[in-house]
Structures are given as structure tokens and as C-alpha cells.
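Structure first, commentary second.
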Amino acid sequence: MDPNTGDADADADRAGDADRTGAPVGRRLVLGMVGLGAGAMAAAPWLQARLETALGAVAENDPTGVTGYLPNGGGFRYYSVTSSVPHKDAGNYRLTVGGLVDRPTRYRLDDLRALPQARVVRDVQCVTGWRVRQTPFEGVRLSDLLDAAGVRRQATAVRFTCFDGAYCESLTLDQARRKDVLVALRMRDKPLGHSHGGPVRLYVAPMYFYKSAKWLSGITLTDEVVPGYWERRGYDVDAWVGRSNGRDDAPTV
Ligand SMILES: Nc1nc2c(c(=O)[nH]1)N[C@H]1C(S)=C(S)[C@@H](COP(=O)(O)O)O[C@H]1N2
Ligand SMILES: [Mo]
């Protein structure tokens, strides 16, 4: 299946949501992002139409486009599979590392900031085609957190969960130990903002951006790969840029 043409599950999700609410998630979010509430949206169909005309090309052929209509600054697109996501900061953010480990651990934002920080500068590449070149990410190497937790012998994979309550991702343990996989706190030399998955997101530099789970809240060592949100809907679990999802071009990084 070509992930760019969409798939039945994603379409069904969209249709289901539209049935319940009378408006697809994307439309509600477009208006939410420009600061209009649900009430104002009904009163401003002309604005909705103009926004959708301006942004519609992006949504076309985009199975992750449930909410992928929105520019997110600097060439990024805003993605969320949920219509709202709680805001977290140094006061209430927590990241748990658990599962098949000797020392389950819970980090606050300041704990993560106090650990050695690594910097990775590569092209961000969404599987749907958009790219942001040479984007600096900084944060804690995932491998450091795994070592601190003491990965047990039976563990072969890592599962990532998010405080949006819906998205999840996965890596094999070997992939997770790569030096270019970060628990990212900063992007483009600034703290990671909410719309980009802040305060903490996963950043898997060598893979398509759907691997880079936003609003990261849980890291669980498992004895098998549990396919992530979009992987259950047709994307490749091994998401190497240029060598997955029907692409065989040379890696862009
Ligand atoms: N929690 C969560 N993480 C996510 C997604 C999502 O919908 N929810 N979308 C993924 C996809 S498909 C992409 S392209 C990037 C988009 O990141 P951005 O919103 O910072 O541009 O986030 C990835 N991580
Ligand atoms: Mo994406």
C-alpha cells in the first residue's frame, strides 16, 4: 500500500469523527489555531472556506493529514491525532521509564535538563513529502536514559507513549540505542514549544518524522515491537528515510 494514498483505517477514523461532530477534526483545528472558538467558527464560514482553500493542498494525499493542514512555522506542519493536548511545563511534566528495566525512573523536566545534552543537526523529513533542512535538536540521548534504567536481558524493543493520550511509537532496542535518537528538549536553539511536542518529544533523526513522538510521557522496555499509531494504519515500522514506505531514494541526511 502506498502510504501517500491513504488507507481505509485512517479514512474510517476521519469519517467517524465527522459523523459524531458534524465537522472533520481538521476544520475545527484550523479555526482553533487562529484563535476562534467553536461558536465563532459557525459564524465565520467564509473564513473557514478561505483557510481551507489556502491550506487544502497540504491535506490532499496525506494520511496523517487529519490535522496536517496547519503551518507550524519555519516550514513545519502541525500534527496531532487529538483535537486538543494538555499543556505541560517544568511544574507538572513527568517522563517515566519502565517496563523491562531494573530501575524504573521518573524524570521531571529539570532532571532531564541537568543530564548531558547532545546536539543533532539533520533534515526533518515527513513521509508525506515536506522537509525542513538542517534542523538542530538538543536533548538527552535515549541510550543514556536506557542505561540509567538498566535494560533487562529480555527487552528487545522500546515503546513510547504521549500525554496527548493517543499517539504511540516504537523502536527496536538497537535503533533506540543509536546516537542520533534523542529525548529532545530544544529545537532550533530554543526550548521545544507546545505545538512541536514540547516540553519533551522524541527525535529519531534517521527516520521519517512520524517516529518522533511529540508530548512524550512514557518510555517502556518491551519484549516485542508494538507498532505505533500510524504504523497500525499502514506506515512502515522501520521508517528509515529514503528506504521505507515505498521509497528507495538515497537517504537525504
Ligand atoms: N503525539 C504525536 N506525535 C506526533 C504526531 C502526532 O500526531 N501526535 N505526528 C507525527 C508526524 S506524522 C509528524 S510529521 C510530526 C510533526 O511534527 P510537528 O508538528 O512538530 O511538525 O510529528 C509526529 N509525532
Ligand atoms: Mo508526518
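Following the order of the C-alpha cells, chains are lettered A, B, ..., residues in each are numbered from 1, and ligands are numbered from 1.
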
Identify, with DSSP run on backbone atoms, the residues in region 59-226 of chain A assigned to strand (DSSP E or B), and express the list as a PyMOL selection string. chain A and resi 70-71+77-78+94-99+101+105-108+118-125+131-141+151+157-162+168-172+181-187+190-191+201-204+207+216-222

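Selecting all polymer residues at most 8 Å from ligand 2, using only C-alpha atoms and all ligand atoms, gives Thr64, Tyr79, Gln125, Cys126, Val127, Thr128, Tyr208, Phe209 and Tyr210 of chain A.
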
Save the residues we just selected, N, CA, C and O atoms, as a PDB file, in the first residue's frame?
ATOM      1  N   THR A  64      -1.663  11.279   7.195  1.00  0.00           N
ATOM      2  CA  THR A  64      -1.523  11.858   8.527  1.00  0.00           C
ATOM      3  C   THR A  64      -2.171  13.235   8.554  1.00  0.00           C
ATOM      4  O   THR A  64      -1.977  13.998   9.473  1.00  0.00           O
ATOM      5  N   TYR A  79       1.032  18.655  13.493  1.00  0.00           N
ATOM      6  CA  TYR A  79       0.319  17.387  13.510  1.00  0.00           C
ATOM      7  C   TYR A  79      -0.104  17.044  14.918  1.00  0.00           C
ATOM      8  O   TYR A  79       0.688  17.127  15.861  1.00  0.00           O
ATOM      9  N   GLN A 125      12.220  15.143   7.926  1.00  0.00           N
ATOM     10  CA  GLN A 125      11.556  14.667   6.704  1.00  0.00           C
ATOM     11  C   GLN A 125      10.243  13.985   7.083  1.00  0.00           C
ATOM     12  O   GLN A 125      10.248  12.912   7.714  1.00  0.00           O
ATOM     13  N   CYS A 126       9.130  14.596   6.733  1.00  0.00           N
ATOM     14  CA  CYS A 126       7.833  13.942   6.908  1.00  0.00           C
ATOM     15  C   CYS A 126       7.627  12.983   5.752  1.00  0.00           C
ATOM     16  O   CYS A 126       7.996  13.277   4.611  1.00  0.00           O
ATOM     17  N   VAL A 127       6.986  11.873   6.029  1.00  0.00           N
ATOM     18  CA  VAL A 127       6.771  10.858   4.998  1.00  0.00           C
ATOM     19  C   VAL A 127       5.871  11.378   3.874  1.00  0.00           C
ATOM     20  O   VAL A 127       5.891  10.870   2.766  1.00  0.00           O
ATOM     21  N   THR A 128       5.102  12.416   4.155  1.00  0.00           N
ATOM     22  CA  THR A 128       4.210  12.959   3.131  1.00  0.00           C
ATOM     23  C   THR A 128       4.920  13.935   2.197  1.00  0.00           C
ATOM     24  O   THR A 128       4.296  14.446   1.272  1.00  0.00           O
ATOM     25  N   TYR A 208      11.629   8.801   9.231  1.00  0.00           N
ATOM     26  CA  TYR A 208      10.565   9.752   8.942  1.00  0.00           C
ATOM     27  C   TYR A 208       9.994  10.279  10.255  1.00  0.00           C
ATOM     28  O   TYR A 208      10.001   9.599  11.282  1.00  0.00           O
ATOM     29  N   PHE A 209       9.495  11.515  10.153  1.00  0.00           N
ATOM     30  CA  PHE A 209       9.186  12.302  11.346  1.00  0.00           C
ATOM     31  C   PHE A 209       8.051  11.707  12.169  1.00  0.00           C
ATOM     32  O   PHE A 209       7.856  12.096  13.316  1.00  0.00           O
ATOM     33  N   TYR A 210       7.263  10.792  11.607  1.00  0.00           N
ATOM     34  CA  TYR A 210       6.198  10.208  12.439  1.00  0.00           C
ATOM     35  C   TYR A 210       6.758   9.396  13.580  1.00  0.00           C
ATOM     36  O   TYR A 210       6.077   9.144  14.567  1.00  0.00           O
TER      37      TYR A 210
END

Identify which of the residues A:Asp147, A:Asp189, A:Asp102, A:Asp164 lies closest to ligand 1, counting only C-alpha atoms and all ligand atoms when measuring atom-to-atom distances. A:Asp164

Could you name the residues that touch Gln134 (chain A) at 9 Å or less, counting only C-alpha atoms, but leaving out those on the same chain fewer than 3 positions away, as an MDAnalysis selection string? chainID A and resid 121:124 253

Export N, CA, C and O atoms of the chosen residues as an mmCIF file, in the first residue's frame?
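See again23.cif below for the written result:
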data_model
loop_
_atom_site.group_PDB
_atom_site.id
_atom_site.type_symbol
_atom_site.label_atom_id
_atom_site.label_comp_id
_atom_site.auth_asym_id
_atom_site.auth_seq_id
_atom_site.Cartn_x
_atom_site.Cartn_y
_atom_site.Cartn_z
ATOM 1 N N VAL A 121 21.992 17.661 14.150
ATOM 2 C CA VAL A 121 21.523 18.601 13.114
ATOM 3 C C VAL A 121 21.363 17.830 11.810
ATOM 4 O O VAL A 121 22.354 17.447 11.174
ATOM 5 N N ARG A 122 20.115 17.566 11.460
ATOM 6 C CA ARG A 122 19.807 16.808 10.234
ATOM 7 C C ARG A 122 18.568 17.399 9.570
ATOM 8 O O ARG A 122 17.943 18.298 10.106
ATOM 9 N N ASP A 123 18.216 16.860 8.402
ATOM 10 C CA ASP A 123 16.971 17.271 7.761
ATOM 11 C C ASP A 123 15.802 16.571 8.447
ATOM 12 O O ASP A 123 15.854 15.359 8.672
ATOM 13 N N VAL A 124 14.760 17.347 8.772
ATOM 14 C CA VAL A 124 13.496 16.748 9.201
ATOM 15 C C VAL A 124 12.730 16.361 7.939
ATOM 16 O O VAL A 124 12.609 17.165 7.011
ATOM 17 N N VAL A 253 19.932 12.544 4.371
ATOM 18 C CA VAL A 253 20.669 13.104 5.515
ATOM 19 C C VAL A 253 22.149 12.813 5.364
ATOM 20 O O VAL A 253 22.532 11.990 4.539
#

What residues of the protein or nucleic acid chains come within 9 Å of ligand 1 when you use only C-alpha atoms and all ligand atoms? Reply as an MDAnalysis selection string. chainID A and resid 63:68 70:73 75:82 85 124:128 130 161:169 193:198 201:202 208:216 229:230

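Across A:Lys190, A:His87, A:Arg159, A:Arg232, the tightest approach to Thr220 (chain A) is made by A:Arg159 when counting only C-alpha atoms.
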
Of A:Arg141, A:Lys88, A:Arg108, A:Val183, the one nearest to Phe160 (chain A) when counting only C-alpha atoms is A:Val183

Using only C-alpha atoms, which residues sit within 10 Å of Ser244 (chain A) once same-chain residues fewer than 4 positions away are excluded, as an MDAnalysis selection string? chainID A and resid 127 207:208 235:240 248:249

Those same residues - N, CA and C atoms - I'd like them written as a tab-separated table (two decimals), in the first residue's frame.
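That gives us again-v9.tsv:
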chain	number	residue	atom	x	y	z
A	127	VAL	N	6.99	11.87	6.03
A	127	VAL	CA	6.77	10.86	5.00
A	127	VAL	C	5.87	11.38	3.87
A	207	MET	N	14.94	8.58	10.75
A	207	MET	CA	13.65	8.03	10.31
A	207	MET	C	12.66	9.16	9.99
A	208	TYR	N	11.63	8.80	9.23
A	208	TYR	CA	10.57	9.75	8.94
A	208	TYR	C	9.99	10.28	10.26
A	235	TYR	N	1.79	2.65	7.82
A	235	TYR	CA	3.19	3.04	7.65
A	235	TYR	C	4.14	1.93	8.06
A	236	ASP	N	5.35	1.99	7.53
A	236	ASP	CA	6.37	1.00	7.91
A	236	ASP	C	6.83	1.22	9.35
A	237	VAL	N	7.05	0.09	10.03
A	237	VAL	CA	7.55	0.15	11.41
A	237	VAL	C	9.02	0.58	11.41
A	238	ASP	N	9.79	0.07	10.46
A	238	ASP	CA	11.17	0.56	10.28
A	238	ASP	C	11.10	1.70	9.29
A	239	ALA	N	11.27	2.91	9.78
A	239	ALA	CA	10.88	4.10	8.98
A	239	ALA	C	12.09	4.88	8.46
A	240	TRP	N	13.15	4.16	8.07
A	240	TRP	CA	14.36	4.83	7.58
A	240	TRP	C	14.04	5.79	6.44
A	248	ASP	N	12.86	4.38	-2.31
A	248	ASP	CA	14.17	3.74	-2.42
A	248	ASP	C	15.21	4.74	-2.88
A	249	ASP	N	14.91	6.03	-2.64
A	249	ASP	CA	15.89	7.06	-2.99
A	249	ASP	C	17.01	7.07	-1.96

Using DSSP secondary structure from the backbone, list all helix (DSSP H, G or I) positions within region 122-238 of chain A, as a PyMOL selection string. chain A and resi 142-149+173-176+194-196+209-211+231-233

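The space separating CA of Leu100 (chain A) from CA of Gly228 (chain A) comes to 18.7 Å.
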
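Between CA of Asn92 (chain A) and CA of Val204 (chain A) lies a distance of 24.8 Å.
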
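Distances here use only C-alpha atoms; by that measure, the residue among A:Ala155, A:Leu185, A:Val241, A:Val132 closest to Asp110 (chain A) is A:Leu185.
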